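Reproduced below: run.cif, with mmCIF, C-alpha atoms.
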data_entry
#
loop_
_atom_site.group_PDB
_atom_site.id
_atom_site.type_symbol
_atom_site.label_atom_id
_atom_site.label_comp_id
_atom_site.auth_asym_id
_atom_site.auth_seq_id
_atom_site.Cartn_x
_atom_site.Cartn_y
_atom_site.Cartn_z
ATOM 1 C CA MET A 199 19.921 2.239 -3.022
ATOM 2 C CA SER A 200 22.479 1.546 -5.749
ATOM 3 C CA SER A 201 21.441 0.185 -9.129
ATOM 4 C CA ASN A 202 23.673 -2.845 -8.488
ATOM 5 C CA THR A 203 21.880 -3.637 -5.229
ATOM 6 C CA SER A 204 18.427 -3.330 -6.785
ATOM 7 C CA ALA A 205 19.514 -5.405 -9.783
ATOM 8 C CA ARG A 206 20.796 -8.165 -7.497
ATOM 9 C CA ARG A 207 17.507 -8.140 -5.607
ATOM 10 C CA ARG A 208 15.545 -8.401 -8.851
ATOM 11 C CA ALA A 209 17.676 -11.358 -9.889
ATOM 12 C CA ASN A 210 17.197 -13.084 -6.528
ATOM 13 C CA VAL A 211 13.465 -12.440 -6.382
ATOM 14 C CA SER A 212 12.981 -13.519 -9.993
ATOM 15 C CA ARG A 213 14.192 -16.982 -9.008
ATOM 16 C CA LEU A 214 11.512 -17.163 -6.319
ATOM 17 C CA ILE A 215 8.517 -15.946 -8.292
ATOM 18 C CA ALA A 216 6.165 -18.741 -9.179
ATOM 19 C CA LEU A 217 2.888 -17.070 -8.290
ATOM 20 C CA PRO A 218 -0.278 -16.690 -10.386
ATOM 21 C CA LEU A 219 -0.465 -13.018 -9.402
ATOM 22 C CA ILE A 220 2.631 -12.066 -11.403
ATOM 23 C CA ALA A 221 2.031 -9.124 -13.719
ATOM 24 C CA THR A 222 2.598 -9.749 -17.412
ATOM 25 C CA ILE A 223 4.826 -6.709 -17.773
ATOM 26 C CA GLY A 224 8.551 -7.440 -17.661
ATOM 27 C CA TYR A 225 11.393 -5.152 -16.710
ATOM 28 C CA SER A 226 15.081 -5.532 -17.446
ATOM 29 C CA CYS A 227 18.033 -3.256 -16.741
ATOM 30 C CA GLY A 228 20.502 -4.959 -19.047
ATOM 31 C CA SER A 229 20.940 -7.655 -21.633
ATOM 32 C CA ASP A 230 22.676 -9.930 -19.117
ATOM 33 C CA GLU A 231 19.661 -9.936 -16.779
ATOM 34 C CA ALA A 232 16.536 -12.006 -17.050
ATOM 35 C CA ALA A 233 13.476 -9.780 -17.336
ATOM 36 C CA TYR A 234 11.980 -9.133 -13.925
ATOM 37 C CA GLN A 235 8.246 -9.717 -13.720
ATOM 38 C CA LEU A 236 6.467 -7.308 -11.381
ATOM 39 C CA VAL A 237 4.587 -9.118 -8.649
ATOM 40 C CA GLY A 238 2.071 -6.294 -8.265
ATOM 41 C CA GLN A 239 -0.668 -5.809 -10.831
ATOM 42 C CA ARG A 240 -0.722 -2.685 -12.965
ATOM 43 C CA PRO A 241 -4.200 -1.254 -13.627
ATOM 44 C CA THR A 242 -5.596 -2.076 -17.052
ATOM 45 C CA ALA A 243 -7.036 1.461 -17.224
ATOM 46 C CA ALA A 244 -6.268 4.769 -15.518
ATOM 47 C CA GLN A 245 -7.376 4.562 -11.884
ATOM 48 C CA GLN A 246 -7.654 8.033 -10.326
ATOM 49 C CA VAL A 247 -8.036 7.989 -6.527
ATOM 50 C CA ASP A 248 -7.380 11.536 -5.313
ATOM 51 C CA ALA A 249 -10.833 13.045 -5.920
ATOM 52 C CA ILE A 250 -12.039 12.713 -2.316
ATOM 53 C CA PRO A 251 -9.835 13.790 0.616
ATOM 54 C CA ILE A 252 -10.097 12.058 3.986
ATOM 55 C CA PRO A 253 -9.229 13.399 7.465
ATOM 56 C CA ASP A 254 -5.682 12.612 8.568
ATOM 57 C CA ALA A 255 -6.050 11.525 12.191
ATOM 58 C CA SER A 256 -2.287 11.676 12.640
ATOM 59 C CA ASN A 257 -2.254 15.337 11.565
ATOM 60 C CA GLU A 258 -5.117 16.849 13.567
ATOM 61 C CA GLY A 259 -7.707 15.875 10.981
ATOM 62 C CA ALA A 260 -6.161 17.837 8.101
ATOM 63 C CA PRO A 261 -7.511 16.786 4.686
ATOM 64 C CA PHE A 262 -5.395 14.026 3.183
ATOM 65 C CA GLU A 263 -5.393 13.527 -0.579
ATOM 66 C CA PHE A 264 -4.454 10.159 -2.011
ATOM 67 C CA ARG A 265 -1.575 11.541 -4.027
ATOM 68 C CA ALA A 266 2.185 11.147 -3.601
ATOM 69 C CA GLN A 267 4.594 14.046 -3.322
ATOM 70 C CA ALA A 268 6.604 14.903 -6.434
ATOM 71 C CA ASP A 269 9.050 12.079 -7.296
ATOM 72 C CA HIS A 270 7.670 10.060 -4.369
ATOM 73 C CA LEU A 271 5.318 7.100 -4.037
ATOM 74 C CA LEU A 272 2.393 6.617 -1.667
ATOM 75 C CA ILE A 273 1.477 3.176 -0.320
ATOM 76 C CA VAL A 274 -2.181 2.983 0.746
ATOM 77 C CA TYR A 275 -3.890 0.338 2.864
ATOM 78 C CA PHE A 276 -7.452 -0.054 4.187
ATOM 79 C CA GLY A 277 -7.947 -2.102 7.337
ATOM 80 C CA TYR A 278 -8.731 -1.957 11.051
ATOM 81 C CA THR A 279 -6.691 -2.154 14.211
ATOM 82 C CA SER A 280 -8.533 -5.137 15.740
ATOM 83 C CA CYS A 281 -7.633 -7.271 12.725
ATOM 84 C CA PRO A 282 -5.999 -10.453 14.052
ATOM 85 C CA ASP A 283 -3.820 -11.365 11.095
ATOM 86 C CA VAL A 284 -4.216 -9.744 7.660
ATOM 87 C CA CYS A 285 -3.555 -6.135 8.692
ATOM 88 C CA PRO A 286 -0.546 -6.659 10.982
ATOM 89 C CA THR A 287 1.007 -9.130 8.541
ATOM 90 C CA THR A 288 0.630 -6.682 5.655
ATOM 91 C CA LEU A 289 1.974 -3.684 7.543
ATOM 92 C CA ALA A 290 4.904 -5.712 8.853
ATOM 93 C CA ALA A 291 5.783 -6.610 5.243
ATOM 94 C CA VAL A 292 5.709 -2.928 4.295
ATOM 95 C CA ARG A 293 7.931 -2.058 7.252
ATOM 96 C CA SER A 294 10.495 -4.686 6.253
ATOM 97 C CA ALA A 295 10.428 -3.584 2.611
ATOM 98 C CA LEU A 296 11.142 0.018 3.561
ATOM 99 C CA LYS A 297 14.194 -1.134 5.513
ATOM 100 C CA ASP A 298 15.372 -3.129 2.503
ATOM 101 C CA ILE A 299 15.262 -0.321 -0.062
ATOM 102 C CA GLY A 300 17.632 1.976 1.786
ATOM 103 C CA ASP A 301 17.656 5.681 0.947
ATOM 104 C CA ASP A 302 14.625 5.397 -1.342
ATOM 105 C CA ALA A 303 12.488 4.738 1.734
ATOM 106 C CA SER A 304 12.550 8.502 2.332
ATOM 107 C CA ARG A 305 10.614 8.875 -0.921
ATOM 108 C CA ILE A 306 7.736 6.697 0.229
ATOM 109 C CA ASP A 307 4.741 7.735 2.312
ATOM 110 C CA VAL A 308 2.471 5.145 3.915
ATOM 111 C CA ALA A 309 -1.191 5.696 4.752
ATOM 112 C CA MET A 310 -3.722 3.386 6.400
ATOM 113 C CA ALA A 311 -7.427 4.276 6.453
ATOM 114 C CA THR A 312 -9.608 2.516 8.998
ATOM 115 C CA ILE A 313 -12.755 0.766 7.818
ATOM 116 C CA ASP A 314 -13.910 0.422 11.440
ATOM 117 C CA PRO A 315 -14.059 4.047 12.644
ATOM 118 C CA ALA A 316 -16.552 3.273 15.420
ATOM 119 C CA ARG A 317 -13.825 1.406 17.311
ATOM 120 C CA ASP A 318 -10.740 2.959 15.747
ATOM 121 C CA THR A 319 -10.636 6.460 17.189
ATOM 122 C CA ASP A 320 -8.243 9.052 15.787
ATOM 123 C CA GLU A 321 -5.678 8.202 18.448
ATOM 124 C CA VAL A 322 -6.047 4.463 17.926
ATOM 125 C CA ILE A 323 -5.612 4.425 14.136
ATOM 126 C CA ALA A 324 -2.762 6.946 14.210
ATOM 127 C CA GLY A 325 -0.916 5.041 16.925
ATOM 128 C CA TYR A 326 -1.485 1.695 15.251
ATOM 129 C CA VAL A 327 -0.092 2.499 11.813
ATOM 130 C CA ARG A 328 2.801 4.470 13.307
ATOM 131 C CA SER A 329 3.787 1.469 15.405
ATOM 132 C CA PHE A 330 4.786 -0.089 12.067
ATOM 133 C CA VAL A 331 5.960 2.984 10.131
ATOM 134 C CA PRO A 332 6.675 5.970 12.414
ATOM 135 C CA ALA A 333 5.870 8.692 9.863
ATOM 136 C CA ALA A 334 2.784 6.968 8.438
ATOM 137 C CA HIS A 335 -0.620 8.611 8.133
ATOM 138 C CA GLY A 336 -3.570 7.201 10.065
ATOM 139 C CA LEU A 337 -6.737 8.133 8.169
ATOM 140 C CA ARG A 338 -10.283 8.116 9.541
ATOM 141 C CA THR A 339 -13.718 9.316 8.547
ATOM 142 C CA THR A 340 -16.997 8.568 10.344
ATOM 143 C CA ASP A 341 -18.955 9.310 7.153
ATOM 144 C CA ASP A 342 -19.721 5.832 5.808
ATOM 145 C CA THR A 343 -20.933 7.166 2.461
ATOM 146 C CA GLU A 344 -17.707 9.088 1.980
ATOM 147 C CA LEU A 345 -15.598 6.096 3.013
ATOM 148 C CA ARG A 346 -17.352 3.823 0.537
ATOM 149 C CA LYS A 347 -16.853 6.326 -2.268
ATOM 150 C CA ILE A 348 -13.149 6.422 -1.444
ATOM 151 C CA THR A 349 -12.753 2.647 -1.286
ATOM 152 C CA ALA A 350 -14.721 2.268 -4.520
ATOM 153 C CA GLN A 351 -12.099 4.358 -6.305
ATOM 154 C CA PHE A 352 -9.500 1.785 -5.286
ATOM 155 C CA GLY A 353 -11.754 -1.187 -6.052
ATOM 156 C CA MET A 354 -11.607 -2.158 -2.386
ATOM 157 C CA ASN A 355 -14.492 -3.963 -0.638
ATOM 158 C CA PHE A 356 -15.314 -4.179 3.046
ATOM 159 C CA GLY A 357 -18.136 -4.915 5.452
ATOM 160 C CA VAL A 358 -18.713 -4.224 9.151
ATOM 161 C CA ALA A 359 -21.604 -5.938 10.938
ATOM 162 C CA THR A 360 -22.658 -7.066 14.415
ATOM 163 C CA ASN A 361 -23.620 -10.729 14.755
ATOM 164 C CA ALA A 362 -26.318 -12.283 16.959
ATOM 165 C CA ALA A 363 -23.865 -12.544 19.845
ATOM 166 C CA GLY A 364 -23.173 -8.821 19.675
ATOM 167 C CA GLU A 365 -19.692 -9.290 18.239
ATOM 168 C CA VAL A 366 -18.400 -6.989 15.526
ATOM 169 C CA GLU A 367 -17.424 -8.868 12.376
ATOM 170 C CA VAL A 368 -15.285 -7.137 9.745
ATOM 171 C CA THR A 369 -14.472 -8.365 6.263
ATOM 172 C CA HIS A 370 -12.192 -6.619 3.793
ATOM 173 C CA SER A 371 -9.914 -7.153 0.841
ATOM 174 C CA GLY A 372 -6.285 -6.978 1.898
ATOM 175 C CA ASN A 373 -4.694 -5.214 -1.064
ATOM 176 C CA LEU A 374 -1.941 -2.632 -0.902
ATOM 177 C CA TYR A 375 -1.982 0.187 -3.447
ATOM 178 C CA VAL A 376 0.875 2.278 -4.824
ATOM 179 C CA VAL A 377 -0.195 5.776 -5.884
ATOM 180 C CA ASP A 378 1.874 8.283 -7.855
ATOM 181 C CA GLU A 379 2.115 12.077 -7.700
ATOM 182 C CA THR A 380 -0.812 12.485 -10.104
ATOM 183 C CA GLY A 381 -3.167 10.521 -7.852
ATOM 184 C CA LYS A 382 -3.233 7.424 -10.037
ATOM 185 C CA VAL A 383 -2.737 3.838 -8.876
ATOM 186 C CA LEU A 384 0.472 2.432 -10.334
ATOM 187 C CA LEU A 385 0.394 -1.008 -8.763
ATOM 188 C CA THR A 386 -1.763 -3.232 -6.563
ATOM 189 C CA TRP A 387 -0.335 -5.956 -4.355
ATOM 190 C CA PRO A 388 -2.669 -8.682 -3.032
ATOM 191 C CA PHE A 389 -2.574 -9.955 0.513
ATOM 192 C CA GLY A 390 0.333 -12.308 1.008
ATOM 193 C CA VAL A 391 2.891 -10.330 -0.978
ATOM 194 C CA THR A 392 6.293 -10.628 0.667
ATOM 195 C CA SER A 393 8.548 -7.792 1.773
ATOM 196 C CA ASP A 394 11.146 -8.882 -0.811
ATOM 197 C CA HIS A 395 8.592 -8.588 -3.598
ATOM 198 C CA ILE A 396 7.407 -5.202 -2.338
ATOM 199 C CA ALA A 397 10.982 -3.894 -2.172
ATOM 200 C CA THR A 398 11.903 -5.168 -5.617
ATOM 201 C CA ASP A 399 8.753 -3.783 -7.244
ATOM 202 C CA LEU A 400 9.457 -0.421 -5.598
ATOM 203 C CA ASP A 401 12.991 -0.465 -7.019
ATOM 204 C CA VAL A 402 11.518 -0.899 -10.483
ATOM 205 C CA LEU A 403 8.971 1.886 -10.003
ATOM 206 C CA PHE A 404 11.625 4.323 -8.796
ATOM 207 C CA GLU A 405 13.850 3.510 -11.741
ATOM 208 C CA GLU A 406 10.913 4.281 -14.021
ATOM 209 C CA ILE A 407 10.264 7.577 -12.201
ATOM 210 C CA ASP A 408 13.936 8.590 -12.269
ATOM 211 C CA SER A 409 14.359 7.764 -15.946
#
Encoded form (structure tokens):
Amino acid sequence: MSSNTSARRRANVSRLIALPLIATIGYSCGSDEAAYQLVGQRPTAAQQVDAIPIPDASNEGAPFEFRAQADHLLIVYFGYTSCPDVCPTTLAAVRSALKDIGDDASRIDVAMATIDPARDTDEVIAGYVRSFVPAAHGLRTTDDTELRKITAQFGMNFGVATNAAGEVEVTHSGNLYVVDETGKVLLTWPFGVTSDHIATDLDVLFEEIDS
């Protein structure tokens, strides 16, 4: 992705941003550009998330650490495959954003951890996330205590319960998280973020990494 292309996208997206979730930190690549306001929220304090590994169902259960490769970024999502709207909408936005950023897409890993492991088997979660991003990691643990410790590190909340009719009801926050090579959260996007906003924020993060 050329700097000119990413700059044009920032300019275009800046005209569209009128959301209360805009971060207060601006970014500008030149005096002739309006400062781009990141849509994602930066943590107000260091948020370390790589302390507890989780089995990677898409890699024969190998331990997966929430940490990007060197000079890469890791996008993390928590959800479940039976989700009717939030999860597929979010993953579709990620898929579109990766197409938009060109060559830099090779520097991004995507991981989805299921919060409904009783129904999402290893094969199900791995197949689901890879239907959106072919090289993505499908993560799954059946240890509820471990899962809640992991989600707590991200500040993510969820609940799985069976109602009186015997139906499984799942609630969860729909945030996406960007993690760097040190295992720290760089940015959090709320549910509803568009693929354009994801792509443009990623451009900014890569320019920061490369500088």
> Which polymer residues have any atom within 8 Å of an atom of region 265-269 of chain A, counting only C-alpha atoms, with same-chain residues fewer than 2 positions away left out, as number ranges by chain?
Replying inline: A: 247-248, 263, 271-272, 305, 307, 377-382, 407-408
> Which residues match the PyMOL selection byres ((chain A and resi 260) around 12) in the file above, as a VMD selection string?
Replying inline: chain A and resid 251 to 259 261 to 263 320 335 to 339
For region 298-304 of chain A, please output as a PDB file with C-alpha atoms, keeping the file's coordinate frame all residues within 9 Å (counting all atoms listed in the file; exclusion window: fewer than 2 positions along the same chain).
ATOM      1  CA  MET A 199      19.921   2.239  -3.022  1.00  0.00           C
ATOM      2  CA  SER A 200      22.479   1.546  -5.749  1.00  0.00           C
ATOM      3  CA  SER A 204      18.427  -3.330  -6.785  1.00  0.00           C
ATOM      4  CA  HIS A 270       7.670  10.060  -4.369  1.00  0.00           C
ATOM      5  CA  ARG A 293       7.931  -2.058   7.252  1.00  0.00           C
ATOM      6  CA  SER A 294      10.495  -4.686   6.253  1.00  0.00           C
ATOM      7  CA  ALA A 295      10.428  -3.584   2.611  1.00  0.00           C
ATOM      8  CA  LEU A 296      11.142   0.018   3.561  1.00  0.00           C
ATOM      9  CA  ILE A 306       7.736   6.697   0.229  1.00  0.00           C
ATOM     10  CA  ASP A 307       4.741   7.735   2.312  1.00  0.00           C
ATOM     11  CA  SER A 393       8.548  -7.792   1.773  1.00  0.00           C
ATOM     12  CA  ASP A 394      11.146  -8.882  -0.811  1.00  0.00           C
ATOM     13  CA  ALA A 397      10.982  -3.894  -2.172  1.00  0.00           C
ATOM     14  CA  THR A 398      11.903  -5.168  -5.617  1.00  0.00           C
ATOM     15  CA  LEU A 400       9.457  -0.421  -5.598  1.00  0.00           C
ATOM     16  CA  ASP A 401      12.991  -0.465  -7.019  1.00  0.00           C
ATOM     17  CA  PHE A 404      11.625   4.323  -8.796  1.00  0.00           C
TER      18      PHE A 404
END
> Quick one: distance from CA of Lys297 (chain A) to CA of Leu403 (chain A) in Å, one decimal?
Replying inline: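 Taking CA of Lys297 (chain A) and CA of Leu403 (chain A), their separation equals 16.6 Å.
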> Which neighbours of Phe356 (chain A) fall inside 7 Å, counting only C-alpha atoms, when residues of the same chain fewer than 6 positions from it are skipped, and could you give them as an NGL selection string?
Replying inline: :A and (369-371)
> Separation of CA of Val274 (chain A) and CA of Thr343 (chain A), in Å?
Replying inline: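 About the pair CA of Val274 (chain A) and CA of Thr343 (chain A): they are 19.3 Å apart.
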> Mind pulling up the distance from CA of Leu289 (chain A) to CA of Glu367 (chain A)?
Replying inline: 20.7 Å
>> Need the shell around Gln245 (chain A): protein/DNA/RNA residues with any atom at most 8 Å away, counting only C-alpha atoms. Skip same-chain ones fewer than 6 positions apart. Format as a count of residues only?
In response: 4
>> Give me, as an NGL selection string, all polymer residues having an atom no more than 12 Å from Val368 (chain A), counting only C-alpha atoms and skipping those fewer than 2 positions away in the same chain.
In response: :A and (276-282 or 284-285 or 312-317 or 355-361 or 365-366 or 370-372)
>> When you count only C-alpha atoms, which of these residues is closest to Thr242 (chain A): A:Ser329, A:Thr349, A:Thr386, A:Thr319?
In response: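 Closest residue, counting only C-alpha atoms: A:Thr386.
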> Quick one: of A:Ala362, A:Ala333, A:Val308, A:Ala290, who's nearest to Gly390 (chain A), counting all atoms listed in the file?
Replying inline: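 Among the listed residues, A:Ala290 lies closest to Gly390 (chain A).
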Box time for region 252-257 of chain A: axis-aligned, enclosing all its listed atoms, 4 Å extra on each side; report centre and edge lengths in Å to one decimal, as AutoDock Vina command-line options.
--center_x -6.2 --center_y 13.4 --center_z 8.3 --size_x 15.8 --size_y 11.8 --size_z 16.7
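Closest approach to Pro286 (chain A) from the set A:Met354, A:Ile348, A:Phe389, A:Val376 is made by A:Phe389, with distances taken over all atoms listed in the file.
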